[in-house]
>>> print(open('target-v4.cif').read())   # mmCIF, N, CA and C atoms
data_model
#
loop_
_atom_site.label_atom_id
_atom_site.label_comp_id
_atom_site.auth_asym_id
_atom_site.auth_seq_id
_atom_site.Cartn_x
_atom_site.Cartn_y
_atom_site.Cartn_z
N MET C 351 12.22 24.55 -16.16
CA MET C 351 13.17 24.04 -15.21
C MET C 351 12.52 22.99 -14.29
N PHE C 352 11.25 23.22 -13.93
CA PHE C 352 10.55 22.27 -13.07
C PHE C 352 10.38 20.94 -13.77
N LEU C 353 10.12 20.99 -15.07
CA LEU C 353 9.92 19.75 -15.83
C LEU C 353 11.19 18.91 -15.86
N VAL C 354 12.33 19.56 -16.03
CA VAL C 354 13.59 18.83 -16.05
C VAL C 354 13.89 18.23 -14.68
N SER C 355 13.68 18.99 -13.61
CA SER C 355 13.97 18.45 -12.28
C SER C 355 12.99 17.34 -11.92
N GLN C 356 11.74 17.47 -12.38
CA GLN C 356 10.78 16.41 -12.11
C GLN C 356 11.20 15.12 -12.82
N ARG C 357 11.71 15.23 -14.01
CA ARG C 357 12.17 14.05 -14.73
C ARG C 357 13.39 13.44 -14.05
N LEU C 358 14.27 14.28 -13.51
CA LEU C 358 15.43 13.75 -12.79
C LEU C 358 15.00 13.00 -11.54
N ILE C 359 14.02 13.53 -10.84
CA ILE C 359 13.53 12.86 -9.64
C ILE C 359 12.87 11.54 -10.00
N GLU C 360 12.07 11.55 -11.07
CA GLU C 360 11.43 10.32 -11.52
C GLU C 360 12.47 9.29 -11.96
N THR C 361 13.50 9.73 -12.63
CA THR C 361 14.57 8.83 -13.06
C THR C 361 15.26 8.22 -11.86
N GLY C 362 15.53 9.04 -10.85
CA GLY C 362 16.14 8.53 -9.63
C GLY C 362 15.26 7.52 -8.92
N TYR C 363 13.94 7.79 -8.89
CA TYR C 363 13.02 6.84 -8.25
C TYR C 363 12.97 5.51 -8.99
N VAL C 364 13.00 5.57 -10.30
CA VAL C 364 12.99 4.33 -11.09
C VAL C 364 14.26 3.52 -10.82
N LEU C 365 15.41 4.19 -10.83
CA LEU C 365 16.66 3.48 -10.58
C LEU C 365 16.74 2.94 -9.16
N LEU C 366 16.30 3.73 -8.19
CA LEU C 366 16.32 3.27 -6.81
C LEU C 366 15.32 2.13 -6.58
N GLY C 367 14.17 2.21 -7.24
CA GLY C 367 13.20 1.13 -7.14
C GLY C 367 13.72 -0.17 -7.72
N GLU C 368 14.37 -0.07 -8.86
CA GLU C 368 14.96 -1.26 -9.48
C GLU C 368 16.06 -1.84 -8.59
N LEU C 369 16.87 -0.99 -8.02
CA LEU C 369 17.94 -1.45 -7.14
C LEU C 369 17.39 -2.14 -5.90
N SER C 370 16.34 -1.58 -5.32
CA SER C 370 15.77 -2.19 -4.11
C SER C 370 15.08 -3.50 -4.43
N ILE C 371 14.40 -3.60 -5.55
CA ILE C 371 13.75 -4.86 -5.93
C ILE C 371 14.79 -5.95 -6.16
N LEU C 372 15.88 -5.61 -6.83
CA LEU C 372 16.93 -6.60 -7.06
C LEU C 372 17.57 -7.05 -5.75
N ALA C 373 17.78 -6.12 -4.84
CA ALA C 373 18.39 -6.49 -3.56
C ALA C 373 17.46 -7.36 -2.73
N ILE C 374 16.17 -7.04 -2.72
CA ILE C 374 15.22 -7.82 -1.94
C ILE C 374 15.06 -9.22 -2.53
N LEU C 375 15.05 -9.33 -3.84
CA LEU C 375 14.95 -10.64 -4.47
C LEU C 375 16.23 -11.46 -4.31
N ALA C 376 17.36 -10.79 -4.24
CA ALA C 376 18.64 -11.50 -4.14
C ALA C 376 18.90 -12.05 -2.75
N LEU C 377 18.31 -11.47 -1.72
CA LEU C 377 18.57 -11.93 -0.35
C LEU C 377 18.16 -13.39 -0.12
N PRO C 378 16.93 -13.79 -0.38
CA PRO C 378 16.60 -15.20 -0.12
C PRO C 378 17.29 -16.16 -1.09
N ILE C 379 17.43 -15.75 -2.33
CA ILE C 379 18.09 -16.62 -3.31
C ILE C 379 19.55 -16.83 -2.93
N GLY C 380 20.24 -15.75 -2.56
CA GLY C 380 21.64 -15.86 -2.15
C GLY C 380 21.81 -16.64 -0.87
N SER C 381 20.85 -16.52 0.04
CA SER C 381 20.92 -17.29 1.29
C SER C 381 20.80 -18.78 1.02
N ILE C 382 19.88 -19.15 0.17
CA ILE C 382 19.69 -20.57 -0.17
C ILE C 382 20.91 -21.12 -0.89
N ILE C 383 21.41 -20.38 -1.87
CA ILE C 383 22.59 -20.84 -2.61
C ILE C 383 23.80 -20.93 -1.69
N GLY C 384 23.96 -19.96 -0.79
CA GLY C 384 25.08 -20.00 0.15
C GLY C 384 25.00 -21.18 1.09
N TYR C 385 23.80 -21.48 1.59
CA TYR C 385 23.64 -22.63 2.48
C TYR C 385 23.94 -23.93 1.74
N LEU C 386 23.44 -24.07 0.52
CA LEU C 386 23.69 -25.29 -0.25
C LEU C 386 25.18 -25.43 -0.59
N LEU C 387 25.82 -24.33 -0.94
CA LEU C 387 27.25 -24.38 -1.25
C LEU C 387 28.06 -24.75 -0.01
N TRP C 388 27.73 -24.17 1.15
CA TRP C 388 28.45 -24.50 2.37
C TRP C 388 28.22 -25.95 2.77
N SER C 389 27.01 -26.46 2.61
CA SER C 389 26.73 -27.86 2.92
C SER C 389 27.53 -28.78 2.02
N TYR C 390 27.60 -28.45 0.74
CA TYR C 390 28.36 -29.27 -0.19
C TYR C 390 29.86 -29.24 0.14
N LEU C 391 30.39 -28.05 0.39
CA LEU C 391 31.82 -27.94 0.69
C LEU C 391 32.18 -28.63 2.00
N ALA C 392 31.32 -28.53 3.00
CA ALA C 392 31.59 -29.19 4.28
C ALA C 392 31.60 -30.70 4.10
N GLY C 393 30.71 -31.23 3.30
CA GLY C 393 30.70 -32.66 3.05
C GLY C 393 31.86 -33.11 2.19
N ALA C 394 32.23 -32.29 1.22
CA ALA C 394 33.30 -32.67 0.31
C ALA C 394 34.67 -32.58 0.97
N LEU C 395 34.85 -31.67 1.90
CA LEU C 395 36.16 -31.50 2.54
C LEU C 395 36.32 -32.32 3.82
N SER C 396 35.26 -32.93 4.28
CA SER C 396 35.35 -33.77 5.49
C SER C 396 35.99 -35.11 5.15
N THR C 397 36.88 -35.55 6.04
CA THR C 397 37.55 -36.84 5.85
C THR C 397 37.35 -37.69 7.11
N ASP C 398 38.05 -38.81 7.16
CA ASP C 398 37.96 -39.66 8.34
C ASP C 398 38.65 -39.02 9.55
N LEU C 399 39.63 -38.17 9.31
CA LEU C 399 40.37 -37.54 10.40
C LEU C 399 39.62 -36.37 11.03
N TYR C 400 38.89 -35.63 10.23
CA TYR C 400 38.16 -34.48 10.74
C TYR C 400 36.89 -34.27 9.93
N GLN C 401 35.96 -33.60 10.55
CA GLN C 401 34.73 -33.24 9.87
C GLN C 401 34.44 -31.76 10.08
N ILE C 402 33.93 -31.14 9.05
CA ILE C 402 33.56 -29.74 9.13
C ILE C 402 32.06 -29.68 9.39
N PRO C 403 31.65 -29.13 10.51
CA PRO C 403 30.21 -29.09 10.80
C PRO C 403 29.51 -27.99 10.00
N VAL C 404 28.28 -28.25 9.66
CA VAL C 404 27.44 -27.24 9.02
C VAL C 404 26.54 -26.65 10.10
N ILE C 405 26.87 -25.45 10.51
CA ILE C 405 26.11 -24.78 11.55
C ILE C 405 25.42 -23.58 10.91
N TYR C 406 24.13 -23.56 11.01
CA TYR C 406 23.32 -22.51 10.41
C TYR C 406 22.69 -21.69 11.52
N LYS C 407 23.11 -20.44 11.64
CA LYS C 407 22.57 -19.55 12.67
C LYS C 407 21.77 -18.43 12.00
N GLU C 408 20.63 -18.16 12.56
CA GLU C 408 19.81 -17.08 12.02
C GLU C 408 20.46 -15.72 12.23
N SER C 409 21.23 -15.59 13.30
CA SER C 409 21.89 -14.31 13.55
C SER C 409 22.93 -14.00 12.48
N GLY C 410 23.62 -15.03 12.01
CA GLY C 410 24.58 -14.83 10.94
C GLY C 410 23.91 -14.41 9.65
N LEU C 411 22.76 -15.03 9.38
CA LEU C 411 21.99 -14.66 8.20
C LEU C 411 21.46 -13.23 8.32
N GLY C 412 21.04 -12.85 9.51
CA GLY C 412 20.54 -11.49 9.73
C GLY C 412 21.63 -10.45 9.57
N ILE C 413 22.82 -10.74 10.07
CA ILE C 413 23.93 -9.81 9.92
C ILE C 413 24.30 -9.65 8.44
N ALA C 414 24.32 -10.77 7.72
CA ALA C 414 24.63 -10.71 6.29
C ALA C 414 23.57 -9.91 5.54
N ALA C 415 22.30 -10.09 5.90
CA ALA C 415 21.22 -9.35 5.25
C ALA C 415 21.33 -7.86 5.56
N LEU C 416 21.68 -7.51 6.80
CA LEU C 416 21.85 -6.09 7.15
C LEU C 416 23.00 -5.46 6.38
N ILE C 417 24.08 -6.20 6.20
CA ILE C 417 25.22 -5.67 5.43
C ILE C 417 24.82 -5.45 3.98
N ILE C 418 24.08 -6.39 3.41
CA ILE C 418 23.63 -6.25 2.02
C ILE C 418 22.69 -5.05 1.88
N LEU C 419 21.74 -4.91 2.81
CA LEU C 419 20.81 -3.79 2.75
C LEU C 419 21.51 -2.46 2.96
N LEU C 420 22.49 -2.42 3.85
CA LEU C 420 23.25 -1.19 4.08
C LEU C 420 24.05 -0.81 2.83
N SER C 421 24.68 -1.79 2.20
CA SER C 421 25.42 -1.48 0.98
C SER C 421 24.48 -1.08 -0.16
N THR C 422 23.26 -1.60 -0.17
CA THR C 422 22.28 -1.18 -1.16
C THR C 422 21.86 0.27 -0.94
N VAL C 423 21.68 0.66 0.31
CA VAL C 423 21.32 2.05 0.61
C VAL C 423 22.46 3.00 0.22
N VAL C 424 23.68 2.61 0.52
CA VAL C 424 24.83 3.46 0.18
C VAL C 424 24.97 3.59 -1.34
N SER C 425 24.85 2.48 -2.06
CA SER C 425 24.95 2.57 -3.52
C SER C 425 23.77 3.34 -4.10
N GLY C 426 22.59 3.23 -3.48
CA GLY C 426 21.45 4.03 -3.93
C GLY C 426 21.67 5.51 -3.73
N ALA C 427 22.34 5.87 -2.64
CA ALA C 427 22.67 7.29 -2.41
C ALA C 427 23.63 7.80 -3.47
N PHE C 428 24.59 6.96 -3.86
CA PHE C 428 25.51 7.36 -4.93
C PHE C 428 24.79 7.49 -6.27
N VAL C 429 23.86 6.60 -6.54
CA VAL C 429 23.08 6.68 -7.78
C VAL C 429 22.24 7.96 -7.79
N GLN C 430 21.58 8.25 -6.68
CA GLN C 430 20.75 9.45 -6.61
C GLN C 430 21.59 10.71 -6.75
N ARG C 431 22.79 10.70 -6.17
CA ARG C 431 23.68 11.86 -6.30
C ARG C 431 24.09 12.07 -7.75
N ASP C 432 24.42 10.97 -8.46
CA ASP C 432 24.82 11.09 -9.85
C ASP C 432 23.65 11.49 -10.74
N VAL C 433 22.47 11.01 -10.45
CA VAL C 433 21.30 11.37 -11.24
C VAL C 433 20.97 12.84 -11.04
N SER C 434 21.14 13.36 -9.84
CA SER C 434 20.84 14.77 -9.60
C SER C 434 21.82 15.69 -10.32
N LYS C 435 23.02 15.20 -10.61
CA LYS C 435 24.01 15.99 -11.35
C LYS C 435 23.84 15.88 -12.86
N LEU C 436 22.97 14.98 -13.29
CA LEU C 436 22.81 14.68 -14.70
C LEU C 436 22.17 15.85 -15.43
N ASP C 437 22.69 16.16 -16.62
CA ASP C 437 22.11 17.18 -17.48
C ASP C 437 21.30 16.48 -18.56
N ILE C 438 19.98 16.59 -18.47
CA ILE C 438 19.10 15.85 -19.38
C ILE C 438 19.31 16.25 -20.83
N ALA C 439 19.49 17.54 -21.08
CA ALA C 439 19.63 18.01 -22.46
C ALA C 439 20.87 17.41 -23.11
N SER C 440 22.00 17.41 -22.42
CA SER C 440 23.21 16.85 -23.02
C SER C 440 23.16 15.31 -23.06
N ALA C 441 22.45 14.70 -22.12
CA ALA C 441 22.33 13.25 -22.14
C ALA C 441 21.47 12.79 -23.31
N LEU C 442 20.44 13.56 -23.65
CA LEU C 442 19.58 13.20 -24.77
C LEU C 442 20.24 13.45 -26.12
N LYS C 443 21.20 14.38 -26.17
CA LYS C 443 21.88 14.70 -27.42
C LYS C 443 22.94 13.69 -27.80
N THR C 444 23.51 12.98 -26.82
CA THR C 444 24.58 12.05 -27.13
C THR C 444 24.03 10.81 -27.82
N GLY C 445 24.82 10.26 -28.72
CA GLY C 445 24.42 9.06 -29.45
C GLY C 445 24.86 7.81 -28.73
N GLU C 446 24.42 6.71 -29.21
CA GLU C 446 24.77 5.43 -28.60
C GLU C 446 26.19 5.16 -28.85
#
>>> encode(input="target-v4.cif", output="structure tokens")
Amino acid sequence: MFLVSQRLIETGYVLLGELSILAILALPIGSIIGYLLWSYLAGALSTDLYQIPVIYKESGLGIAALIILLSTVVSGAFVQRDVSKLDIASALKTGE
């Protein structure tokens, strides 16, 4: 029984580690892409009558990063809950 629970814990750690690495890598990439997209849209939608300013605030980026990290933690908790309910014997018996 200890061996099965140890494997479940290891499986959860692998999935949570992968989720956290993806979230950490996605934050700067998404921030850069979002800034470039907003700059392009502001320039493309600006006319002679009005202009859309591109205002970049670090606080807005920080709030967005906190929301992403919070949603990553919540989804990680759901993954860990589902992994703890997993039956290894029946999961290994099922075919592709």
>>> resolve_selection(input="target-v4.cif", expression="the PyMOL selection byres (((chain C and resi 382-388 and name CA) around 12) and name CA)", output="list of chain:residue names")
C:Leu375, C:Ala376, C:Leu377, C:Pro378, C:Ile379, C:Gly380, C:Ser381, C:Ser389, C:Tyr390, C:Leu391, C:Ala392, C:Gly393, C:Ala394, C:Leu395, C:Ser396, C:Ile402, C:Pro403, C:Val404, C:Ile405, C:Tyr406, C:Lys407, C:Glu408, C:Gly410, C:Leu411, C:Ala414
>>> resolve_selection(input="target-v4.cif", expression="the PyMOL selection byres (((chain C and resi 367-374 and name CA) around 9) and name CA)", output="CSV table (one decimal) with N, CA and C atoms, in the frame of the given file")
chain,number,residue,atom,x,y,z
C,362,GLY,N,15.5,9.0,-10.8
C,362,GLY,CA,16.1,8.5,-9.6
C,362,GLY,C,15.3,7.5,-8.9
C,363,TYR,N,13.9,7.8,-8.9
C,363,TYR,CA,13.0,6.8,-8.2
C,363,TYR,C,13.0,5.5,-9.0
C,364,VAL,N,13.0,5.6,-10.3
C,364,VAL,CA,13.0,4.3,-11.1
C,364,VAL,C,14.3,3.5,-10.8
C,365,LEU,N,15.4,4.2,-10.8
C,365,LEU,CA,16.7,3.5,-10.6
C,365,LEU,C,16.7,2.9,-9.2
C,366,LEU,N,16.3,3.7,-8.2
C,366,LEU,CA,16.3,3.3,-6.8
C,366,LEU,C,15.3,2.1,-6.6
C,375,LEU,N,15.0,-9.3,-3.8
C,375,LEU,CA,15.0,-10.6,-4.5
C,375,LEU,C,16.2,-11.5,-4.3
C,376,ALA,N,17.4,-10.8,-4.2
C,376,ALA,CA,18.6,-11.5,-4.1
C,376,ALA,C,18.9,-12.0,-2.8
C,377,LEU,N,18.3,-11.5,-1.7
C,377,LEU,CA,18.6,-11.9,-0.4
C,377,LEU,C,18.2,-13.4,-0.1
C,378,PRO,N,16.9,-13.8,-0.4
C,378,PRO,CA,16.6,-15.2,-0.1
C,378,PRO,C,17.3,-16.2,-1.1
C,418,ILE,N,24.1,-6.4,3.4
C,418,ILE,CA,23.6,-6.2,2.0
C,418,ILE,C,22.7,-5.0,1.9
C,419,LEU,N,21.7,-4.9,2.8
C,419,LEU,CA,20.8,-3.8,2.8
C,419,LEU,C,21.5,-2.5,3.0
C,422,THR,N,23.3,-1.6,-0.2
C,422,THR,CA,22.3,-1.2,-1.2
C,422,THR,C,21.9,0.3,-0.9
C,423,VAL,N,21.7,0.7,0.3
C,423,VAL,CA,21.3,2.0,0.6
C,423,VAL,C,22.5,3.0,0.2
C,425,SER,N,24.8,2.5,-2.1
C,425,SER,CA,25.0,2.6,-3.5
C,425,SER,C,23.8,3.3,-4.1
C,426,GLY,N,22.6,3.2,-3.5
C,426,GLY,CA,21.4,4.0,-3.9
C,426,GLY,C,21.7,5.5,-3.7
>>> select_by_dssp(input="target-v4.cif", residues="chain C", states="helix (DSSP H, G or I)", output="number ranges by chain")
C: 352-395, 408-434, 438-443
>>> atom_distance(input="target-v4.cif", atom1="atom C of Gly412 (chain C)", atom2="atom C of Phe428 (chain C)")
24.1 Å
>>> atom_distance(input="target-v4.cif", atom1="CA of Arg431 (chain C)", atom2="CA of Lys443 (chain C)")
21.4 Å
>>> atom_distance(input="target-v4.cif", atom1="CA of Leu420 (chain C)", atom2="CA of Leu436 (chain C)")
24.6 Å
>>> decode(input="target-v4.cif", residues="region 366-443 of chain C", atoms="C-alpha atoms", output="PDB file, in the first residue's frame")
ATOM      1  CA  LEU C 366       2.394  19.942 -10.413  1.00  0.00           C
ATOM      2  CA  GLY C 367       6.005  20.590 -11.395  1.00  0.00           C
ATOM      3  CA  GLU C 368       5.120  20.556 -15.070  1.00  0.00           C
ATOM      4  CA  LEU C 369       2.187  22.889 -14.450  1.00  0.00           C
ATOM      5  CA  SER C 370       4.312  25.353 -12.496  1.00  0.00           C
ATOM      6  CA  ILE C 371       7.100  25.363 -15.095  1.00  0.00           C
ATOM      7  CA  LEU C 372       4.603  26.043 -17.876  1.00  0.00           C
ATOM      8  CA  ALA C 373       2.985  28.860 -15.903  1.00  0.00           C
ATOM      9  CA  ILE C 374       6.313  30.484 -15.039  1.00  0.00           C
ATOM     10  CA  LEU C 375       7.504  30.289 -18.643  1.00  0.00           C
ATOM     11  CA  ALA C 376       4.198  31.600 -19.968  1.00  0.00           C
ATOM     12  CA  LEU C 377       4.181  34.757 -17.829  1.00  0.00           C
ATOM     13  CA  PRO C 378       6.975  36.713 -19.560  1.00  0.00           C
ATOM     14  CA  ILE C 379       6.119  35.385 -23.007  1.00  0.00           C
ATOM     15  CA  GLY C 380       2.446  36.294 -22.590  1.00  0.00           C
ATOM     16  CA  SER C 381       3.348  39.720 -21.239  1.00  0.00           C
ATOM     17  CA  ILE C 382       5.533  40.500 -24.242  1.00  0.00           C
ATOM     18  CA  ILE C 383       2.967  39.217 -26.728  1.00  0.00           C
ATOM     19  CA  GLY C 384       0.194  41.149 -24.964  1.00  0.00           C
ATOM     20  CA  TYR C 385       2.185  44.375 -25.017  1.00  0.00           C
ATOM     21  CA  LEU C 386       3.034  43.972 -28.711  1.00  0.00           C
ATOM     22  CA  LEU C 387      -0.576  43.150 -29.578  1.00  0.00           C
ATOM     23  CA  TRP C 388      -1.882  46.161 -27.633  1.00  0.00           C
ATOM     24  CA  SER C 389       0.677  48.453 -29.287  1.00  0.00           C
ATOM     25  CA  TYR C 390      -0.318  47.192 -32.721  1.00  0.00           C
ATOM     26  CA  LEU C 391      -4.052  47.520 -32.048  1.00  0.00           C
ATOM     27  CA  ALA C 392      -3.667  51.019 -30.593  1.00  0.00           C
ATOM     28  CA  GLY C 393      -1.772  52.136 -33.672  1.00  0.00           C
ATOM     29  CA  ALA C 394      -4.119  50.416 -36.090  1.00  0.00           C
ATOM     30  CA  LEU C 395      -7.301  51.795 -34.513  1.00  0.00           C
ATOM     31  CA  SER C 396      -6.044  55.357 -34.064  1.00  0.00           C
ATOM     32  CA  THR C 397      -7.303  57.880 -36.599  1.00  0.00           C
ATOM     33  CA  ASP C 398      -7.039  61.624 -37.148  1.00  0.00           C
ATOM     34  CA  LEU C 399     -10.055  62.204 -34.886  1.00  0.00           C
ATOM     35  CA  TYR C 400      -8.824  60.217 -31.900  1.00  0.00           C
ATOM     36  CA  GLN C 401      -5.833  58.287 -30.711  1.00  0.00           C
ATOM     37  CA  ILE C 402      -5.664  55.353 -28.355  1.00  0.00           C
ATOM     38  CA  PRO C 403      -2.729  55.738 -25.983  1.00  0.00           C
ATOM     39  CA  VAL C 404      -0.498  52.818 -25.093  1.00  0.00           C
ATOM     40  CA  ILE C 405      -0.056  53.017 -21.351  1.00  0.00           C
ATOM     41  CA  TYR C 406       2.041  50.318 -19.750  1.00  0.00           C
ATOM     42  CA  LYS C 407       1.799  50.072 -15.968  1.00  0.00           C
ATOM     43  CA  GLU C 408       3.785  47.632 -13.906  1.00  0.00           C
ATOM     44  CA  SER C 409       0.926  47.350 -11.434  1.00  0.00           C
ATOM     45  CA  GLY C 410      -1.371  46.061 -14.162  1.00  0.00           C
ATOM     46  CA  LEU C 411       1.212  43.493 -15.154  1.00  0.00           C
ATOM     47  CA  GLY C 412       1.627  42.465 -11.518  1.00  0.00           C
ATOM     48  CA  ILE C 413      -2.109  42.032 -11.019  1.00  0.00           C
ATOM     49  CA  ALA C 414      -2.322  39.926 -14.185  1.00  0.00           C
ATOM     50  CA  ALA C 415       0.609  37.788 -13.016  1.00  0.00           C
ATOM     51  CA  LEU C 416      -1.010  37.281  -9.597  1.00  0.00           C
ATOM     52  CA  ILE C 417      -4.264  36.186 -11.233  1.00  0.00           C
ATOM     53  CA  ILE C 418      -2.398  33.716 -13.445  1.00  0.00           C
ATOM     54  CA  LEU C 419      -0.427  32.324 -10.501  1.00  0.00           C
ATOM     55  CA  LEU C 420      -3.572  32.052  -8.372  1.00  0.00           C
ATOM     56  CA  SER C 421      -5.397  30.175 -11.117  1.00  0.00           C
ATOM     57  CA  THR C 422      -2.360  27.900 -11.487  1.00  0.00           C
ATOM     58  CA  VAL C 423      -2.453  27.091  -7.776  1.00  0.00           C
ATOM     59  CA  VAL C 424      -6.186  26.370  -7.907  1.00  0.00           C
ATOM     60  CA  SER C 425      -5.850  24.124 -10.955  1.00  0.00           C
ATOM     61  CA  GLY C 426      -2.887  22.394  -9.291  1.00  0.00           C
ATOM     62  CA  ALA C 427      -5.054  21.674  -6.261  1.00  0.00           C
ATOM     63  CA  PHE C 428      -7.667  20.111  -8.535  1.00  0.00           C
ATOM     64  CA  VAL C 429      -4.992  18.011 -10.251  1.00  0.00           C
ATOM     65  CA  GLN C 430      -3.601  16.827  -6.915  1.00  0.00           C
ATOM     66  CA  ARG C 431      -7.110  15.972  -5.704  1.00  0.00           C
ATOM     67  CA  ASP C 432      -7.794  13.906  -8.824  1.00  0.00           C
ATOM     68  CA  VAL C 433      -4.425  12.161  -8.640  1.00  0.00           C
ATOM     69  CA  SER C 434      -5.030  11.209  -5.010  1.00  0.00           C
ATOM     70  CA  LYS C 435      -8.321   9.560  -6.037  1.00  0.00           C
ATOM     71  CA  LEU C 436      -6.618   7.655  -8.845  1.00  0.00           C
ATOM     72  CA  ASP C 437      -6.511   3.859  -8.644  1.00  0.00           C
ATOM     73  CA  ILE C 438      -3.142   2.818 -10.085  1.00  0.00           C
ATOM     74  CA  ALA C 439      -4.101  -0.821 -10.632  1.00  0.00           C
ATOM     75  CA  SER C 440      -7.165  -0.010 -12.729  1.00  0.00           C
ATOM     76  CA  ALA C 441      -5.357   2.801 -14.548  1.00  0.00           C
ATOM     77  CA  LEU C 442      -2.566   0.430 -15.593  1.00  0.00           C
ATOM     78  CA  LYS C 443      -5.051  -2.211 -16.780  1.00  0.00           C
TER      79      LYS C 443
END
